[in-house]
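Colleague: Pasting data31.txt here (compact mmCIF, C-alpha atoms):
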```txt
# COMPACT_ATOMS: atom_id res chain seq x y z
CA MET A 1 50.87 54.46 105.60
CA PRO A 2 53.96 53.63 103.51
CA THR A 3 56.29 56.52 102.85
CA ASP A 4 55.83 56.40 99.10
CA GLN A 5 52.11 56.85 99.51
CA LEU A 6 52.75 59.68 101.93
CA SER A 7 54.89 61.33 99.26
CA MET A 8 52.11 60.87 96.73
CA VAL A 9 49.64 62.48 99.14
CA PHE A 10 51.91 65.47 99.65
CA SER A 11 52.58 65.80 95.92
CA ALA A 12 48.88 65.64 95.23
CA LEU A 13 48.21 68.31 97.85
CA ALA A 14 50.94 70.59 96.51
CA ASP A 15 48.63 71.86 93.75
CA PRO A 16 46.05 74.57 94.58
CA THR A 17 43.50 73.29 92.05
CA ARG A 18 43.65 69.80 93.54
CA ARG A 19 43.22 71.19 97.04
CA ALA A 20 40.21 73.15 95.85
CA ILE A 21 38.80 69.95 94.33
CA LEU A 22 39.23 68.17 97.67
CA THR A 23 37.55 71.02 99.49
CA ARG A 24 34.62 70.76 97.08
CA LEU A 25 34.45 66.97 97.52
CA ALA A 26 34.38 67.41 101.29
CA GLN A 27 30.82 68.65 100.70
CA GLY A 28 29.85 65.53 98.74
CA GLU A 29 30.35 63.54 95.57
CA ALA A 30 30.61 65.38 92.26
CA THR A 31 30.96 64.77 88.54
CA VAL A 32 33.89 66.04 86.47
CA ALA A 33 31.65 68.73 84.98
CA GLU A 34 30.60 69.92 88.42
CA LEU A 35 34.19 69.98 89.59
CA ALA A 36 35.37 71.86 86.49
CA GLU A 37 32.72 74.55 86.82
CA PRO A 38 34.44 76.93 89.27
CA PHE A 39 37.80 76.70 87.48
CA ASP A 40 39.10 78.31 84.35
CA VAL A 41 40.38 74.98 83.08
CA SER A 42 39.11 72.29 80.73
CA GLN A 43 37.40 69.10 81.85
CA PRO A 44 40.36 67.01 80.57
CA ALA A 45 42.64 69.08 82.81
CA ILE A 46 40.34 68.42 85.77
CA SER A 47 40.36 64.73 84.85
CA ARG A 48 44.15 64.71 85.02
CA HIS A 49 44.00 66.27 88.50
CA LEU A 50 41.47 63.64 89.55
CA LYS A 51 43.81 60.91 88.34
CA VAL A 52 46.61 62.25 90.56
CA LEU A 53 44.24 62.43 93.53
CA GLU A 54 43.03 58.91 92.82
CA GLN A 55 46.58 57.53 92.65
CA ALA A 56 47.27 59.12 96.04
CA ARG A 57 44.05 57.44 97.20
CA LEU A 58 42.69 60.78 98.29
CA ILE A 59 39.60 60.17 96.19
CA SER A 60 37.79 57.22 94.66
CA ARG A 61 35.77 57.31 91.44
CA GLN A 62 32.84 55.27 90.33
CA ARG A 63 30.56 55.28 87.36
CA ARG A 64 26.90 55.98 87.98
CA ALA A 65 24.45 56.09 85.04
CA THR A 66 26.19 58.24 82.43
CA SER A 67 28.50 60.15 84.76
CA ARG A 68 31.55 59.33 86.78
CA LEU A 69 31.39 60.47 90.39
CA SER A 70 34.39 61.40 92.52
CA ARG A 71 34.32 61.06 96.27
CA LEU A 72 36.72 62.07 98.98
CA GLU A 73 38.63 59.38 100.86
CA ALA A 74 39.61 60.84 104.20
CA THR A 75 42.04 58.25 105.60
CA PRO A 76 45.24 59.18 103.69
CA LEU A 77 44.67 62.82 104.53
CA ARG A 78 44.20 62.02 108.17
CA ASN A 79 47.38 59.98 108.20
CA ALA A 80 49.41 62.62 106.39
CA THR A 81 48.21 65.40 108.60
CA ALA A 82 48.44 63.49 111.86
CA TRP A 83 52.03 62.81 110.87
CA LEU A 84 52.69 66.50 110.37
CA ALA A 85 50.61 67.54 113.34
CA ASN A 86 52.63 65.44 115.77
CA TYR A 87 55.87 67.14 114.91
CA GLN A 88 54.34 70.55 114.61
CA GLN A 89 52.52 70.19 117.91
CA TYR A 90 55.74 69.32 119.70
CA TRP A 91 57.56 72.42 118.50
CA GLU A 92 54.59 74.77 118.67
CA THR A 93 54.01 73.84 122.30
CA SER A 94 57.72 74.07 123.09
CA TYR A 95 58.17 77.44 121.41
CA ASP A 96 55.06 78.88 123.03
CA GLN A 97 56.52 77.83 126.37
CA LEU A 98 59.89 79.29 125.42
CA ASP A 99 58.22 82.55 124.44
CA ALA A 100 56.51 82.76 127.84
CA LEU A 101 59.76 81.92 129.62
CA LEU A 102 61.70 84.56 127.69
CA ASP A 103 59.06 87.13 128.60
CA THR A 104 59.52 86.26 132.27
CA LEU A 105 63.31 86.49 132.00
CA THR A 106 63.16 89.83 130.20
CA THR A 107 60.61 91.32 132.60
CA ASP A 108 62.31 90.13 135.77
CA GLY A 109 65.75 91.10 134.59
CA ASP A 110 66.61 87.56 135.59
CA ASN A 111 70.19 86.79 134.64
CA PRO A 112 70.85 83.19 135.54
CA MET B 1 51.60 85.78 119.65
CA SER B 2 53.59 84.82 116.57
CA GLN B 3 53.01 81.45 115.01
CA THR B 4 55.39 78.64 114.38
CA THR B 5 55.72 77.86 110.68
CA PHE B 6 56.60 74.44 109.51
CA VAL B 7 57.85 73.10 106.17
CA ALA B 8 58.14 69.40 105.32
CA GLU B 9 58.45 68.89 101.60
CA PRO B 10 57.53 65.60 99.95
CA GLY B 11 60.51 63.45 99.09
CA VAL B 12 63.04 65.63 100.97
CA PRO B 13 64.26 64.18 104.31
CA GLN B 14 64.09 67.48 106.10
CA PHE B 15 61.96 69.63 108.38
CA ILE B 16 62.27 73.39 108.74
CA VAL B 17 60.58 75.10 111.67
CA THR B 18 60.59 78.89 112.01
CA ARG B 19 59.46 80.99 114.96
CA ARG B 20 59.81 84.67 115.84
CA PHE B 21 60.58 85.72 119.42
CA SER B 22 60.55 89.20 120.90
CA ALA B 23 63.62 88.45 123.04
CA ALA B 24 67.14 89.06 121.76
CA PRO B 25 69.14 86.23 120.10
CA ASP B 26 71.48 85.91 123.07
CA LEU B 27 68.62 85.17 125.45
CA VAL B 28 66.91 82.73 123.06
CA PHE B 29 70.24 80.96 122.68
CA ARG B 30 70.77 80.73 126.44
CA ALA B 31 67.36 79.10 126.85
CA HIS B 32 68.73 76.31 124.59
CA ILE B 33 71.94 75.55 126.46
CA GLU B 34 71.23 76.31 130.13
CA PRO B 35 69.63 73.16 131.57
CA ARG B 36 67.46 74.92 134.11
CA LEU B 37 66.02 77.11 131.35
CA LEU B 38 65.71 74.31 128.79
CA GLU B 39 63.77 72.17 131.25
CA ARG B 40 61.18 74.91 131.54
CA TRP B 41 60.14 74.99 127.92
CA LEU B 42 61.12 71.98 125.80
CA GLY B 43 58.48 69.33 125.18
CA PRO B 44 54.78 68.82 125.74
CA LYS B 45 53.19 70.14 128.91
CA THR B 46 52.08 66.61 129.81
CA LEU B 47 55.67 65.33 130.03
CA SER B 48 58.31 66.33 132.55
CA MET B 49 61.69 67.19 131.11
CA THR B 50 65.09 66.52 132.67
CA VAL B 51 68.49 67.45 131.24
CA ASP B 52 71.00 64.74 132.20
CA VAL B 53 74.00 66.09 130.32
CA LEU B 54 74.58 69.30 128.41
CA GLU B 55 78.13 70.16 127.41
CA PRO B 56 77.89 73.20 125.11
CA HIS B 57 81.21 72.94 123.32
CA HIS B 58 82.59 71.24 120.21
CA GLY B 59 82.25 67.48 120.66
CA GLY B 60 80.25 67.96 123.87
CA ARG B 61 77.40 65.58 124.68
CA TRP B 62 73.81 66.39 125.44
CA ARG B 63 71.08 64.10 126.77
CA TYR B 64 67.61 64.79 128.02
CA ARG B 65 64.54 62.77 128.89
CA HIS B 66 60.82 63.33 128.73
CA ARG B 67 58.82 61.37 131.28
CA ASP B 68 55.07 60.83 131.45
CA GLY B 69 52.87 60.23 134.49
CA HIS B 70 53.19 56.45 134.10
CA GLY B 71 56.96 56.45 134.33
CA ASN B 72 57.55 55.97 130.60
CA GLU B 73 60.67 57.76 129.44
CA TYR B 74 61.67 59.09 126.04
CA VAL B 75 65.37 59.85 125.89
CA PHE B 76 67.08 61.98 123.26
CA HIS B 77 70.83 62.41 123.05
CA GLY B 78 73.62 63.51 120.74
CA LEU B 79 76.70 65.65 120.26
CA TYR B 80 77.39 69.31 119.57
CA HIS B 81 79.41 70.01 116.44
CA GLY B 82 81.21 73.32 116.78
CA THR B 83 80.71 75.36 119.91
CA PRO B 84 77.10 76.50 120.30
CA SER B 85 76.74 80.29 120.20
CA ALA B 86 74.10 82.95 119.72
CA ALA B 87 74.81 82.59 115.99
CA GLY B 88 73.66 78.99 115.99
CA ILE B 89 73.74 75.43 117.27
CA VAL B 90 74.67 72.31 115.28
CA GLN B 91 73.91 69.02 116.96
CA THR B 92 73.25 65.38 116.15
CA TYR B 93 70.14 63.74 117.57
CA GLU B 94 69.19 60.19 118.38
CA PHE B 95 65.95 58.94 119.97
CA ASP B 96 66.53 55.95 122.27
CA ARG B 97 63.53 54.14 120.78
CA GLN B 98 65.05 54.36 117.31
CA PRO B 99 68.73 53.56 117.79
CA GLY B 100 70.84 54.18 114.70
CA VAL B 101 68.46 56.73 113.23
CA ILE B 102 70.64 59.78 113.61
CA TYR B 103 69.73 63.20 112.37
CA LEU B 104 71.40 66.57 112.15
CA ASN B 105 69.78 69.59 113.72
CA THR B 106 70.86 73.15 112.96
CA ILE B 107 69.34 76.07 114.84
CA HIS B 108 69.93 79.67 113.75
CA PHE B 109 69.08 82.66 115.91
CA ASP B 110 68.82 85.51 113.41
CA PRO B 111 68.56 89.04 114.83
CA ALA B 112 65.32 90.68 113.71
CA GLU B 113 64.05 94.23 114.08
CA THR B 114 62.10 93.23 117.16
CA GLY B 115 63.91 90.25 118.60
CA THR B 116 64.91 86.99 117.00
CA VAL B 117 63.90 84.72 114.17
CA LEU B 118 64.67 81.14 115.16
CA ARG B 119 65.08 78.72 112.27
CA GLN B 120 65.51 75.04 112.99
CA ASN B 121 66.53 72.73 110.15
CA THR B 122 66.44 68.99 110.85
CA VAL B 123 67.98 66.73 108.22
CA PHE B 124 67.46 62.97 108.25
CA GLN B 125 69.35 60.32 106.33
CA THR B 126 66.23 59.19 104.47
CA VAL B 127 62.61 60.23 104.07
CA ALA B 128 61.69 57.00 105.86
CA ASP B 129 63.78 58.11 108.84
CA ARG B 130 61.97 61.43 108.91
CA ASP B 131 58.64 59.66 108.94
CA GLY B 132 59.86 57.23 111.60
CA TYR B 133 60.75 60.14 113.82
CA ILE B 134 57.17 61.21 113.64
CA ASP B 135 55.94 57.72 114.49
CA GLY B 136 58.19 57.83 117.54
CA GLY B 137 56.71 61.19 118.42
CA ALA B 138 53.21 59.80 118.14
CA GLU B 139 54.14 56.84 120.30
CA SER B 140 55.51 59.05 123.03
CA GLY B 141 52.31 60.99 123.30
CA TYR B 142 53.34 64.11 121.41
CA GLY B 143 50.60 63.61 118.96
CA GLN B 144 47.27 65.21 119.18
CA SER B 145 44.03 63.60 118.21
CA MET B 146 42.96 63.56 114.61
CA GLU B 147 41.78 66.82 113.23
CA ARG B 148 38.56 67.26 111.42
CA LEU B 149 38.86 67.06 107.69
CA GLU B 150 38.33 70.74 107.06
CA ASN B 151 41.01 71.63 109.55
CA LEU B 152 43.34 69.16 107.90
CA LEU B 153 42.83 70.70 104.51
CA THR B 154 43.39 74.17 105.89
CA THR B 155 46.60 73.05 107.54
CA MET B 156 47.86 71.52 104.32
CA MET B 157 47.08 74.69 102.40
CA GLU B 158 48.95 76.86 104.85
CA GLN B 159 51.94 74.61 104.67
CA SER B 160 52.28 74.40 100.93
```
In structure tokens, what does this structure look like?
Modeller:
Amino acid sequence: MPTDQLSMVFSALADPTRRAILTRLAQGEATVAELAEPFDVSQPAISRHLKVLEQARLISRQRRATSRLSRLEATPLRNATAWLANYQQYWETSYDQLDALLDTLTTDGDNP
Amino acid sequence: MSQTTFVAEPGVPQFIVTRRFSAAPDLVFRAHIEPRLLERWLGPKTLSMTVDVLEPHHGGRWRYRHRDGHGNEYVFHGLYHGTPSAAGIVQTYEFDRQPGVIYLNTIHFDPAETGTVLRQNTVFQTVADRDGYIDGGAESGYGQSMERLENLLTTMMEQS
């Protein structure tokens, strides 16, 4: 994934309403009205959020009958998070090991 | 056990990793500069870790290698800037598979009520370099398999 798209994904994810929309779409497609329902914001505001998510390719939208359905696109999210997870995993594992080592050193009174 | 927190903001070529330890700053620091201690904790469990050089003084070199079961090696090296101490470590980093992509790593060991708060700030020259570092990490087997979508979303929420 190109860096600029990665930045768009992170920017899109930086907003709590947009994350909530993605969480809702993880359960299935939805119309703007359905997406707006749990929030205290107008449908136009939700539409603006959807546009940001669409530009980051986190969702796709298609017209069906009289409504426009949004659906989650998982690939950019997987890429973005795998990217983060790699780095995080490296340091989490290392620091967990360091923590265990420090415990040993403290307990044993080991003074190398 | 305390968790490692991780911040990587969009558009900023930087990572900040924070972790609390119950040991005192001096001990956490020593685990960073004494080769026989460093070899016992740094890197994934699946890779062996060897410190080739570690000269903990201003201008001193450091070099270590991770090796997998197939003999593949991933070498990191750089220089210390200022003499490492329990107050902090400043070092440059270079991964042998990405020559020329050099980044600056600062580690602080802040005394806390019950031990130490370690804060590691890694600054790259560009956002692309930061992302490349991750690709290198993935290539060397650091990466874990893809998470399920719900887990991914949860992770993103915690990090923002």
Colleague: So which residues touch range 37-54 of chain B within 9 Å, counting all atoms listed in the file, skipping near sequence neighbours fewer than 2 positions away, as a ChimeraX atom specification?
Modeller: /A:89-91,93-101,112 /B:30-35,56,60-69,77,141-142
Colleague: Just need the box for range 50-66 of chain A, edges along x, y and z, holding every atom the file lists for it with 3 Å tacked onto each side, so centre and edge lengths in Å to one decimal, as JSON.
Modeller:
```
{"center_x": 35.9, "center_y": 59.5, "center_z": 90.4, "size_x": 28.8, "size_y": 14.4, "size_z": 21.9}
```
Colleague: Between A:Ala33, A:Ala26, A:Leu69, A:Ile21, which one has atoms that come closest to chain B, using all atoms listed in the file?
Modeller: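 When distances to chain B are compared using all atoms listed in the file, the smallest one comes from A:Ala26.
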Colleague: For the atom pair CA of Gly78 in chain B and CA of Gln91 in chain B, what is the interatomic distance in Å to one decimal place?
Modeller: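 CA of Gln91 in chain B lies 6.7 Å from CA of Gly78 in chain B.
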Colleague: Show which residues sit within 10 Å of Asp26 in chain B, as a list of chain:residue names. Count all atoms listed in the file, and ignore same-chain residues fewer than 5 positions away.
Modeller: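 Answer for this query is B:Ala31, B:Ser85, B:Ala86, B:Ala87, B:Phe109, B:Pro111, B:Gly115, B:Thr116.
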Colleague: Hey, can you check how far CA of Gly28 in chain A sits from CA of Arg71 in chain A?
Modeller: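 One can read the CA of Gly28 in chain A to CA of Arg71 in chain A distance as 6.8 Å.
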Colleague: How far is it from CA of Ile46 in chain A to CA of Val32 in chain A, in Å with one decimal?
Modeller: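 Interatomic distance, CA of Ile46 in chain A to CA of Val32 in chain A: 6.9 Å.
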Colleague: Measuring between only C-alpha atoms, which one of A:Ala45, A:Val9, A:Ala36, A:Ala56 shows the shortest distance to Arg24 in chain A?
Modeller: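 The shortest atom-to-atom distance to Arg24 in chain A comes from A:Ala36.
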Colleague: Using all atoms listed in the file for the distances, tell me which of A:Leu35, A:Leu102, A:Leu50, A:Leu25 is nearest to chain B.
Modeller: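 Among the listed residues, A:Leu102 lies closest to chain B.
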Colleague: Could range 14-37 of chain A be completed with N, CA and C atoms and returned as a PDB file, in the coordinates of the input?
Modeller:
```
ATOM      1  N   ALA A  14      50.105  69.417  96.803  1.00  0.00           N
ATOM      2  CA  ALA A  14      50.940  70.590  96.510  1.00  0.00           C
ATOM      3  C   ALA A  14      50.292  71.529  95.490  1.00  0.00           C
ATOM      4  N   ASP A  15      49.247  71.064  94.807  1.00  0.00           N
ATOM      5  CA  ASP A  15      48.630  71.860  93.750  1.00  0.00           C
ATOM      6  C   ASP A  15      47.340  72.532  94.247  1.00  0.00           C
ATOM      7  N   PRO A  16      47.225  73.861  94.056  1.00  0.00           N
ATOM      8  CA  PRO A  16      46.050  74.570  94.580  1.00  0.00           C
ATOM      9  C   PRO A  16      44.723  74.104  93.966  1.00  0.00           C
ATOM     10  N   THR A  17      44.739  73.756  92.672  1.00  0.00           N
ATOM     11  CA  THR A  17      43.500  73.290  92.050  1.00  0.00           C
ATOM     12  C   THR A  17      43.053  71.974  92.684  1.00  0.00           C
ATOM     13  N   ARG A  18      44.023  71.090  92.938  1.00  0.00           N
ATOM     14  CA  ARG A  18      43.650  69.800  93.540  1.00  0.00           C
ATOM     15  C   ARG A  18      43.159  69.988  94.980  1.00  0.00           C
ATOM     16  N   ARG A  19      43.733  70.941  95.678  1.00  0.00           N
ATOM     17  CA  ARG A  19      43.220  71.190  97.040  1.00  0.00           C
ATOM     18  C   ARG A  19      41.801  71.740  96.992  1.00  0.00           C
ATOM     19  N   ALA A  20      41.557  72.594  95.989  1.00  0.00           N
ATOM     20  CA  ALA A  20      40.210  73.150  95.850  1.00  0.00           C
ATOM     21  C   ALA A  20      39.217  72.031  95.502  1.00  0.00           C
ATOM     22  N   ILE A  21      39.663  71.085  94.677  1.00  0.00           N
ATOM     23  CA  ILE A  21      38.800  69.950  94.330  1.00  0.00           C
ATOM     24  C   ILE A  21      38.467  69.151  95.588  1.00  0.00           C
ATOM     25  N   LEU A  22      39.474  68.927  96.431  1.00  0.00           N
ATOM     26  CA  LEU A  22      39.230  68.170  97.670  1.00  0.00           C
ATOM     27  C   LEU A  22      38.264  68.913  98.594  1.00  0.00           C
ATOM     28  N   THR A  23      38.451  70.223  98.644  1.00  0.00           N
ATOM     29  CA  THR A  23      37.550  71.020  99.490  1.00  0.00           C
ATOM     30  C   THR A  23      36.120  70.892  98.999  1.00  0.00           C
ATOM     31  N   ARG A  24      35.963  70.928  97.660  1.00  0.00           N
ATOM     32  CA  ARG A  24      34.620  70.760  97.080  1.00  0.00           C
ATOM     33  C   ARG A  24      34.066  69.367  97.400  1.00  0.00           C
ATOM     34  N   LEU A  25      34.921  68.348  97.284  1.00  0.00           N
ATOM     35  CA  LEU A  25      34.450  66.970  97.520  1.00  0.00           C
ATOM     36  C   LEU A  25      34.147  66.715  99.002  1.00  0.00           C
ATOM     37  N   ALA A  26      34.694  67.553  99.864  1.00  0.00           N
ATOM     38  CA  ALA A  26      34.380  67.410 101.290  1.00  0.00           C
ATOM     39  C   ALA A  26      32.894  67.659 101.533  1.00  0.00           C
ATOM     40  N   GLN A  27      32.267  68.378 100.568  1.00  0.00           N
ATOM     41  CA  GLN A  27      30.820  68.650 100.700  1.00  0.00           C
ATOM     42  C   GLN A  27      29.978  67.540 100.094  1.00  0.00           C
ATOM     43  N   GLY A  28      30.604  66.624  99.348  1.00  0.00           N
ATOM     44  CA  GLY A  28      29.850  65.530  98.740  1.00  0.00           C
ATOM     45  C   GLY A  28      30.384  65.147  97.382  1.00  0.00           C
ATOM     46  N   GLU A  29      29.894  64.029  96.864  1.00  0.00           N
ATOM     47  CA  GLU A  29      30.350  63.540  95.570  1.00  0.00           C
ATOM     48  C   GLU A  29      30.049  64.542  94.455  1.00  0.00           C
ATOM     49  N   ALA A  30      30.837  64.469  93.382  1.00  0.00           N
ATOM     50  CA  ALA A  30      30.610  65.380  92.260  1.00  0.00           C
ATOM     51  C   ALA A  30      31.098  64.757  90.967  1.00  0.00           C
ATOM     52  N   THR A  31      30.508  65.212  89.862  1.00  0.00           N
ATOM     53  CA  THR A  31      30.960  64.770  88.540  1.00  0.00           C
ATOM     54  C   THR A  31      32.110  65.670  88.086  1.00  0.00           C
ATOM     55  N   VAL A  32      32.790  65.244  87.020  1.00  0.00           N
ATOM     56  CA  VAL A  32      33.890  66.040  86.470  1.00  0.00           C
ATOM     57  C   VAL A  32      33.380  67.420  86.051  1.00  0.00           C
ATOM     58  N   ALA A  33      32.211  67.447  85.432  1.00  0.00           N
ATOM     59  CA  ALA A  33      31.650  68.730  84.980  1.00  0.00           C
ATOM     60  C   ALA A  33      31.406  69.666  86.158  1.00  0.00           C
ATOM     61  N   GLU A  34      30.862  69.099  87.224  1.00  0.00           N
ATOM     62  CA  GLU A  34      30.600  69.920  88.420  1.00  0.00           C
ATOM     63  C   GLU A  34      31.905  70.432  89.030  1.00  0.00           C
ATOM     64  N   LEU A  35      32.902  69.580  89.008  1.00  0.00           N
ATOM     65  CA  LEU A  35      34.190  69.980  89.590  1.00  0.00           C
ATOM     66  C   LEU A  35      34.893  71.028  88.740  1.00  0.00           C
ATOM     67  N   ALA A  36      34.692  70.931  87.402  1.00  0.00           N
ATOM     68  CA  ALA A  36      35.370  71.860  86.490  1.00  0.00           C
ATOM     69  C   ALA A  36      34.748  73.247  86.526  1.00  0.00           C
ATOM     70  N   GLU A  37      33.475  73.300  86.921  1.00  0.00           N
ATOM     71  CA  GLU A  37      32.720  74.550  86.820  1.00  0.00           C
ATOM     72  C   GLU A  37      33.394  75.776  87.441  1.00  0.00           C
TER      73      GLU A  37
END
```
